[in-house]
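Undergrad: Coordinates in run_15.cif, mmCIF, C-alpha atoms and all ligand atoms, are listed below.
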data_data
loop_
_atom_site.label_atom_id
_atom_site.label_comp_id
_atom_site.auth_asym_id
_atom_site.auth_seq_id
_atom_site.Cartn_x
_atom_site.Cartn_y
_atom_site.Cartn_z
CA MET A 7 -15.59 25.82 27.35
CA VAL A 8 -19.11 26.36 26.14
CA ASN A 9 -20.55 23.66 23.87
CA ARG A 10 -21.08 24.50 20.21
CA PHE A 11 -23.90 23.67 17.81
CA PHE A 12 -24.41 24.13 14.08
CA HIS A 13 -27.42 25.82 12.49
CA PRO A 14 -27.12 26.86 8.83
CA GLN A 15 -29.88 29.52 8.99
CA LEU A 16 -28.70 31.32 12.09
CA LEU A 17 -30.09 34.87 12.42
CA GLU A 18 -28.54 37.84 14.24
CA SER A 19 -31.18 37.80 17.00
CA GLY A 20 -34.44 36.11 18.05
CA THR A 21 -34.89 32.42 18.69
CA VAL A 22 -33.56 29.38 16.92
CA VAL A 23 -34.71 25.75 16.91
CA LEU A 24 -32.17 22.93 16.85
CA ASP A 25 -33.43 19.61 15.49
CA GLY A 26 -32.05 16.41 13.98
CA LEU A 27 -28.45 15.52 14.82
CA GLU A 28 -27.78 18.85 16.56
CA ALA A 29 -30.79 18.37 18.87
CA HIS A 30 -29.66 14.79 19.55
CA HIS A 31 -26.20 16.05 20.51
CA LEU A 32 -27.62 18.70 22.83
CA MET A 33 -30.36 16.60 24.46
CA HIS A 34 -29.06 13.03 24.50
CA VAL A 35 -25.27 13.25 24.34
CA LEU A 36 -24.68 16.33 26.50
CA ARG A 37 -27.98 16.10 28.42
CA ALA A 38 -28.19 19.89 28.50
CA SER A 39 -31.03 21.61 30.35
CA ALA A 40 -33.06 24.79 29.91
CA GLY A 41 -31.15 27.85 31.11
CA GLU A 42 -27.72 26.61 29.94
CA HIS A 43 -25.63 28.79 27.63
CA VAL A 44 -24.23 27.46 24.34
CA GLU A 45 -22.61 28.79 21.17
CA ILE A 46 -24.16 28.39 17.72
CA PHE A 47 -22.42 28.91 14.37
CA ASN A 48 -23.74 28.83 10.81
CA GLY A 49 -20.60 27.65 9.04
CA ALA A 50 -20.37 30.92 7.09
CA GLY A 51 -18.88 33.16 9.79
CA ARG A 52 -21.88 34.02 11.99
CA VAL A 53 -21.49 32.99 15.64
CA ALA A 54 -24.06 33.48 18.39
CA GLN A 55 -24.15 33.10 22.14
CA ALA A 56 -27.48 31.57 23.10
CA GLN A 57 -29.46 30.27 26.06
CA ILE A 58 -31.62 27.16 25.99
CA LEU A 59 -35.27 28.15 26.45
CA ALA A 60 -36.99 24.78 26.13
CA ILE A 61 -36.11 21.16 25.50
CA ARG A 62 -38.93 19.30 23.73
CA LYS A 63 -39.33 15.73 22.52
CA ARG A 64 -37.60 16.20 19.17
CA ASP A 65 -36.09 19.67 19.22
CA ALA A 66 -34.81 22.46 21.43
CA GLU A 67 -35.54 26.18 21.32
CA LEU A 68 -32.81 28.68 22.10
CA GLN A 69 -32.73 32.44 22.59
CA ILE A 70 -29.92 34.29 20.83
CA LEU A 71 -28.29 36.64 23.35
CA SER A 72 -25.66 38.19 21.08
CA SER A 73 -24.01 37.43 17.76
CA HIS A 74 -21.15 38.57 15.57
CA HIS A 75 -19.72 37.89 12.13
CA GLU A 76 -16.20 36.53 11.97
CA THR A 77 -14.17 37.49 8.90
CA LYS A 78 -12.82 34.76 6.64
CA PRO A 79 -9.25 33.55 7.19
CA GLU A 80 -6.82 35.62 5.10
CA ARG A 81 -5.47 32.68 3.13
CA GLU A 82 -7.57 30.36 1.01
CA ILE A 83 -6.09 26.83 1.07
CA ILE A 84 -7.34 24.46 -1.63
CA ILE A 85 -6.18 20.83 -1.79
CA GLY A 86 -6.93 18.54 -4.70
CA THR A 87 -6.28 15.00 -3.64
CA ALA A 88 -6.60 11.43 -4.82
CA VAL A 89 -8.88 9.55 -2.43
CA PRO A 90 -7.30 7.05 -0.04
CA LYS A 91 -8.97 3.72 0.75
CA GLY A 92 -11.55 3.01 3.45
CA ASP A 93 -11.93 5.30 6.44
CA ARG A 94 -8.70 7.16 5.67
CA PHE A 95 -10.56 9.77 3.59
CA ASP A 96 -12.90 10.54 6.53
CA TRP A 97 -9.83 10.99 8.74
CA LEU A 98 -8.25 13.25 6.10
CA ILE A 99 -11.41 15.39 6.03
CA GLU A 100 -11.55 15.72 9.83
CA LYS A 101 -7.90 16.72 10.17
CA SER A 102 -8.00 19.06 7.16
CA THR A 103 -10.91 20.85 8.83
CA GLU A 104 -8.93 21.27 12.05
CA LEU A 105 -5.93 22.59 10.11
CA GLY A 106 -7.93 25.26 8.30
CA VAL A 107 -8.12 23.89 4.74
CA THR A 108 -10.74 25.92 2.84
CA ARG A 109 -11.66 23.43 0.12
CA LEU A 110 -10.93 19.78 -0.66
CA ILE A 111 -11.32 18.53 -4.22
CA PRO A 112 -11.40 14.73 -4.71
CA LEU A 113 -9.38 13.97 -7.85
CA VAL A 114 -9.44 11.27 -10.47
CA THR A 115 -6.00 10.76 -12.01
CA SER A 116 -4.59 8.08 -14.34
CA ARG A 117 -3.46 5.87 -11.46
CA SER A 118 -6.42 6.47 -9.10
CA VAL A 119 -7.75 3.24 -7.64
CA VAL A 120 -10.50 4.61 -5.39
CA ASP A 121 -13.60 5.98 -7.08
CA PRO A 122 -14.45 9.06 -4.96
CA ARG A 123 -18.23 8.72 -5.08
CA ASP A 124 -20.31 11.82 -4.42
CA SER A 125 -22.89 9.62 -2.63
CA LYS A 126 -20.83 9.82 0.54
CA LEU A 127 -21.03 13.62 0.59
CA GLU A 128 -23.64 13.84 3.37
CA LYS A 129 -21.56 11.65 5.71
CA GLN A 130 -18.50 13.74 4.88
CA ARG A 131 -20.41 16.97 5.55
CA GLN A 132 -21.33 15.66 9.00
CA ALA A 133 -17.64 14.92 9.66
CA VAL A 134 -16.82 18.54 8.71
CA ILE A 135 -19.51 19.92 11.04
CA ALA A 136 -18.32 17.74 13.94
CA ALA A 137 -14.70 18.87 13.40
CA CYS A 138 -15.79 22.55 13.23
CA LYS A 139 -17.68 22.15 16.50
CA GLN A 140 -14.70 20.56 18.20
CA SER A 141 -12.01 22.86 16.79
CA ARG A 142 -14.09 26.09 17.07
CA ARG A 143 -13.76 26.76 13.36
CA ASN A 144 -16.55 29.04 12.09
CA TYR A 145 -16.33 28.45 8.33
CA LEU A 146 -17.14 24.97 7.04
CA LEU A 147 -14.56 23.16 4.95
CA GLU A 148 -16.04 22.86 1.45
CA ILE A 149 -15.86 19.44 -0.25
CA SER A 150 -16.18 19.87 -4.00
CA HIS A 151 -17.55 17.40 -6.47
CA VAL A 152 -15.05 14.96 -7.93
CA MET A 153 -12.80 16.45 -10.65
CA ALA A 154 -10.76 14.85 -13.41
CA TRP A 155 -7.08 15.85 -13.32
CA SER A 156 -7.26 17.84 -16.57
CA ASP A 157 -10.25 19.87 -15.32
CA PHE A 158 -8.47 20.57 -12.02
CA VAL A 159 -5.32 21.69 -13.82
CA ASN A 160 -7.21 23.99 -16.20
CA ALA A 161 -9.81 25.40 -13.80
CA VAL A 162 -8.18 25.51 -10.36
CA LEU A 163 -4.41 25.96 -10.74
CA PRO A 164 -4.20 29.11 -12.89
CA GLY A 165 -4.06 32.42 -10.99
CA ARG A 166 -3.08 30.81 -7.68
CA SER A 167 0.21 29.83 -6.04
CA SER A 168 0.11 26.16 -6.98
CA TYR A 169 2.19 23.15 -5.89
CA ILE A 170 2.08 19.52 -6.97
CA ALA A 171 3.40 17.11 -4.34
CA HIS A 172 5.81 14.85 -6.20
CA PRO A 173 8.71 12.98 -4.59
CA THR A 174 11.24 14.07 -7.24
CA GLY A 175 10.37 17.77 -7.01
CA ASP A 176 12.36 20.46 -5.19
CA ARG A 177 11.91 20.60 -1.43
CA LEU A 178 8.69 22.49 -0.56
CA LYS A 179 9.29 26.06 0.48
CA LEU A 180 6.38 28.45 0.68
CA VAL A 181 7.45 31.99 -0.10
CA SER A 182 6.16 35.30 1.24
CA GLY A 183 5.08 36.23 -2.28
CA ASP A 184 2.61 33.33 -2.34
CA SER A 185 -0.83 34.65 -3.16
CA ALA A 186 -3.75 34.71 -0.75
CA SER A 187 -5.04 31.66 -2.57
CA ILE A 188 -2.80 28.62 -2.51
CA VAL A 189 -3.51 25.26 -4.09
CA PHE A 190 -1.85 21.87 -3.60
CA ALA A 191 -2.31 18.56 -5.39
CA VAL A 192 -1.63 15.11 -3.95
CA GLY A 193 -1.59 12.03 -6.15
CA PRO A 194 -2.77 8.43 -5.72
CA GLU A 195 -0.79 5.55 -4.15
CA GLY A 196 0.85 4.91 -7.52
CA GLY A 197 1.81 8.59 -7.84
CA PHE A 198 1.21 11.10 -10.64
CA LYS A 199 2.27 10.14 -14.17
CA ASP A 200 4.99 12.30 -15.73
CA ASP A 201 2.58 13.77 -18.26
CA GLU A 202 0.19 14.77 -15.45
CA VAL A 203 3.01 16.59 -13.64
CA ALA A 204 4.06 18.27 -16.91
CA MET A 205 0.48 19.43 -17.55
CA ALA A 206 0.42 21.16 -14.14
CA ILE A 207 3.88 22.68 -14.53
CA ALA A 208 2.78 24.17 -17.87
CA THR A 209 0.21 26.27 -15.95
CA GLY A 210 2.91 27.63 -13.58
CA ALA A 211 2.62 25.03 -10.79
CA LYS A 212 5.79 23.84 -9.01
CA ALA A 213 6.51 20.15 -8.33
CA VAL A 214 7.55 19.89 -4.69
CA SER A 215 9.02 17.21 -2.43
CA LEU A 216 7.93 16.67 1.17
CA GLY A 217 11.19 14.99 2.15
CA PRO A 218 12.88 11.66 1.47
CA CYS A 219 10.13 9.40 2.88
CA ILE A 220 7.17 8.40 0.77
CA LEU A 221 4.07 9.53 2.62
CA ARG A 222 0.59 8.11 2.40
CA ILE A 223 -1.94 10.32 0.63
CA GLU A 224 -3.52 11.58 3.86
CA THR A 225 -0.15 12.28 5.49
CA ALA A 226 0.96 14.31 2.47
CA VAL A 227 -2.30 16.30 2.55
CA LEU A 228 -1.89 17.11 6.24
CA ALA A 229 1.78 18.05 5.86
CA LEU A 230 0.80 20.53 3.14
CA ALA A 231 -2.17 21.84 5.14
CA ALA A 232 0.03 22.42 8.18
CA CYS A 233 2.68 24.26 6.13
CA ALA A 234 0.08 26.57 4.58
CA SER A 235 -1.96 27.26 7.70
CA LEU A 236 0.93 27.71 10.14
CA GLY A 237 3.55 29.13 7.77
N1 LIG B 301 5.42 5.87 -5.64
C1 LIG B 301 4.60 7.04 -5.67
C2 LIG B 301 5.35 8.22 -6.33
O1 LIG B 301 6.51 8.05 -6.65
O2 LIG B 301 4.76 9.28 -6.53
C3 LIG B 301 4.21 7.38 -4.26
C4 LIG B 301 2.84 7.87 -4.15
S1 LIG B 301 2.43 8.52 -2.54
C5 LIG B 301 1.93 7.08 -1.69
C6 LIG B 301 0.93 9.36 -2.84
C7 LIG B 301 1.08 10.82 -3.15
O3 LIG B 301 1.52 11.50 -1.98
C8 LIG B 301 2.09 11.19 -4.21
O4 LIG B 301 1.54 11.12 -5.51
C9 LIG B 301 2.47 12.60 -3.83
O5 LIG B 301 1.53 13.52 -4.33
C10 LIG B 301 2.39 12.56 -2.33
N2 LIG B 301 3.69 12.27 -1.70
C11 LIG B 301 3.97 11.24 -0.86
N3 LIG B 301 5.23 11.33 -0.40
C12 LIG B 301 5.76 12.46 -0.95
C13 LIG B 301 7.04 13.11 -0.87
N4 LIG B 301 8.02 12.64 -0.12
N5 LIG B 301 7.20 14.23 -1.57
C14 LIG B 301 6.21 14.76 -2.33
N6 LIG B 301 4.99 14.17 -2.46
C15 LIG B 301 4.77 13.06 -1.77
#
Hey, can you dump this file as structure tokens for me?
TA:
Amino acid sequence: MVNRFFHPQLLESGTVVLDGLEAHHLMHVLRASAGEHVEIFNGAGRVAQAQILAIRKRDAELQILSSHHETKPEREIIIGTAVPKGDRFDWLIEKSTELGVTRLIPLVTSRSVVDPRDSKLEKQRQAVIAACKQSRRNYLLEISHVMAWSDFVNAVLPGRSSYIAHPTGDRLKLVSGDSASIVFAVGPEGGFKDDEVAMAIATGAKAVSLGPCILRIETAVLALAACASLG
């Protein structure tokens, strides 16, 4: 399979210059040479077939041979989640990208213990790009700024098919009437407080169980992502 590279300002035709991490990947990791064919995507649906024209010290120039625009996936999948400790959030981001999640929203709830700092956003964006390259996804996963639970409930849940993962809820069952925009929420290690669940239910959200075992945050997120993207 042809190797893929990311360039946010990809045009329909002409030439394109890859620099920074993308040039490093092409020149030093893959050791590609002039004449080789690659694929470039802009993370917003445009995909181009291209040929390497020149490899220079710090960048590489490529000729676009053809390009097309891929339409967005039919279903928008939004997941608001408490942030797990250490590297587990990076893993959650990588796997959510592979499974087609549209947007991740780091949440602060009453029992949150990890402060989901925005300062890690650039590292997380690179993880998204790498996962898109590997999985051949052409729309980047969006990582929103951190949201307080009440803001998430008031701004994101209304108007969408919305589900709160909660061990005492009814077993999760997505229905064919679910809207094209579906939103899930996953709580912290200590779980959601009853009043937080009630606040979400008041907007029309359903509390749903993912089975009898208590899952870690990232496992619950991926179970929900798989149900929505495959179901
Ligand atoms: N003791 C906590 C509770 O009772 O909610 C467990 C928290 S669990 C480690 C972290 C989050 O994952 C939960 O807040 C919930 O959103 C989700 N979760 C984990 N296992 C689940 C299950 N079996 N059913 C529904 N949600 C689950």
Undergrad: Would you mind listing the residues within 10 Å of ligand LIG 301 (chain B), counting all atoms listed in the file, as number ranges by chain?
TA: A: 86-90, 115, 117-118, 169-178, 190-200, 203, 213-227, 229-230
Undergrad: How many Å lie between CA of Ile46 (chain A) and CA of Leu16 (chain A), rounded to one decimal?
TA: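 Computing the Euclidean distance for CA of Ile46 (chain A) and CA of Leu16 (chain A) yields 7.8 Å.
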Undergrad: Quick one: distance from CA of Ser150 (chain A) to CA of His74 (chain A) in Å, one decimal?
TA: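 If I compute the distance from CA of Ser150 (chain A) to CA of His74 (chain A), I get 27.5 Å.
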Undergrad: Could you tell me which of A:Val120, A:Lys91, A:Lys139, A:Ile84 comes closest to Glu104 (chain A) if we count all atoms listed in the file?
TA: A:Lys139
Undergrad: CA of Asn9 (chain A) to CA of Ala38 (chain A): how many Å, to one decimal?
TA: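 Here the two named atoms are 9.7 Å from each other.
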Undergrad: Would you compute an axis-aligned box for region 193-198 of chain A, covering every atom listed for it in the file with 5 Å of margin on each side, and report centre and edge lengths in Å to one decimal as lines of an AutoDock Vina configuration file?
TA:
center_x = -0.5
center_y = 8.5
center_z = -7.4
size_x = 14.6
size_y = 17.1
size_z = 16.5
Undergrad: For Pro14 (chain A), please output as a list in words all residues within 10 Å (counting only C-alpha atoms; exclusion window: fewer than 5 positions along the same chain).
TA: Ile46, Phe47, Asn48, Gly49, Ala50 and Arg52 of chain A
Undergrad: Given all atoms listed in the file as the basis, pick out the residue of A:Asp121, A:Val114, A:Ser39, A:Ala231 nearest to Phe158 (chain A).
TA: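 The shortest atom-to-atom distance to Phe158 (chain A) comes from A:Val114.
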Undergrad: Out of A:Leu36, A:Leu98, A:Ile85, A:Val107, which residue has the shortest atom-to-atom distance to Val162 (chain A) when counting only C-alpha atoms?
TA: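 With only C-alpha atoms as the atom set, the closest residue is A:Ile85.
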Undergrad: Nearest to Ala29 (chain A) among A:Met7, A:Arg62, A:Gln55, A:Gln15, with distances taken over only C-alpha atoms: which residue is it?
TA: A:Arg62
Undergrad: So which residues touch Gly237 (chain A) within 10 Å, counting all atoms listed in the file, skipping near sequence neighbours fewer than 3 positions away, as a PyMOL selection string?
TA: chain A and resi 179-182+231-234
Undergrad: Which residue out of A:Leu68, A:Met205, A:Ile188, A:Ala60 has the minimum interatomic distance to Val44 (chain A) when only C-alpha atoms are used?
TA: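 Of the candidates, the smallest distance to Val44 (chain A) is held by A:Leu68.
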Undergrad: Which residue, A:Gln69, A:Thr21, A:Gln57, A:Thr209, has the smallest gap to Asn160 (chain A) when you use all atoms listed in the file?
TA: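 For Asn160 (chain A), the nearest of the candidates is A:Thr209.
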Undergrad: Considering all atoms listed in the file, return as a PyMOL selection string whatever protein or nucleic-acid residues lie within 6 Å of Arg109 (chain A), sequence-local ones (same chain, fewer than 4 positions apart) excluded.
TA: chain A and resi 84+147-149
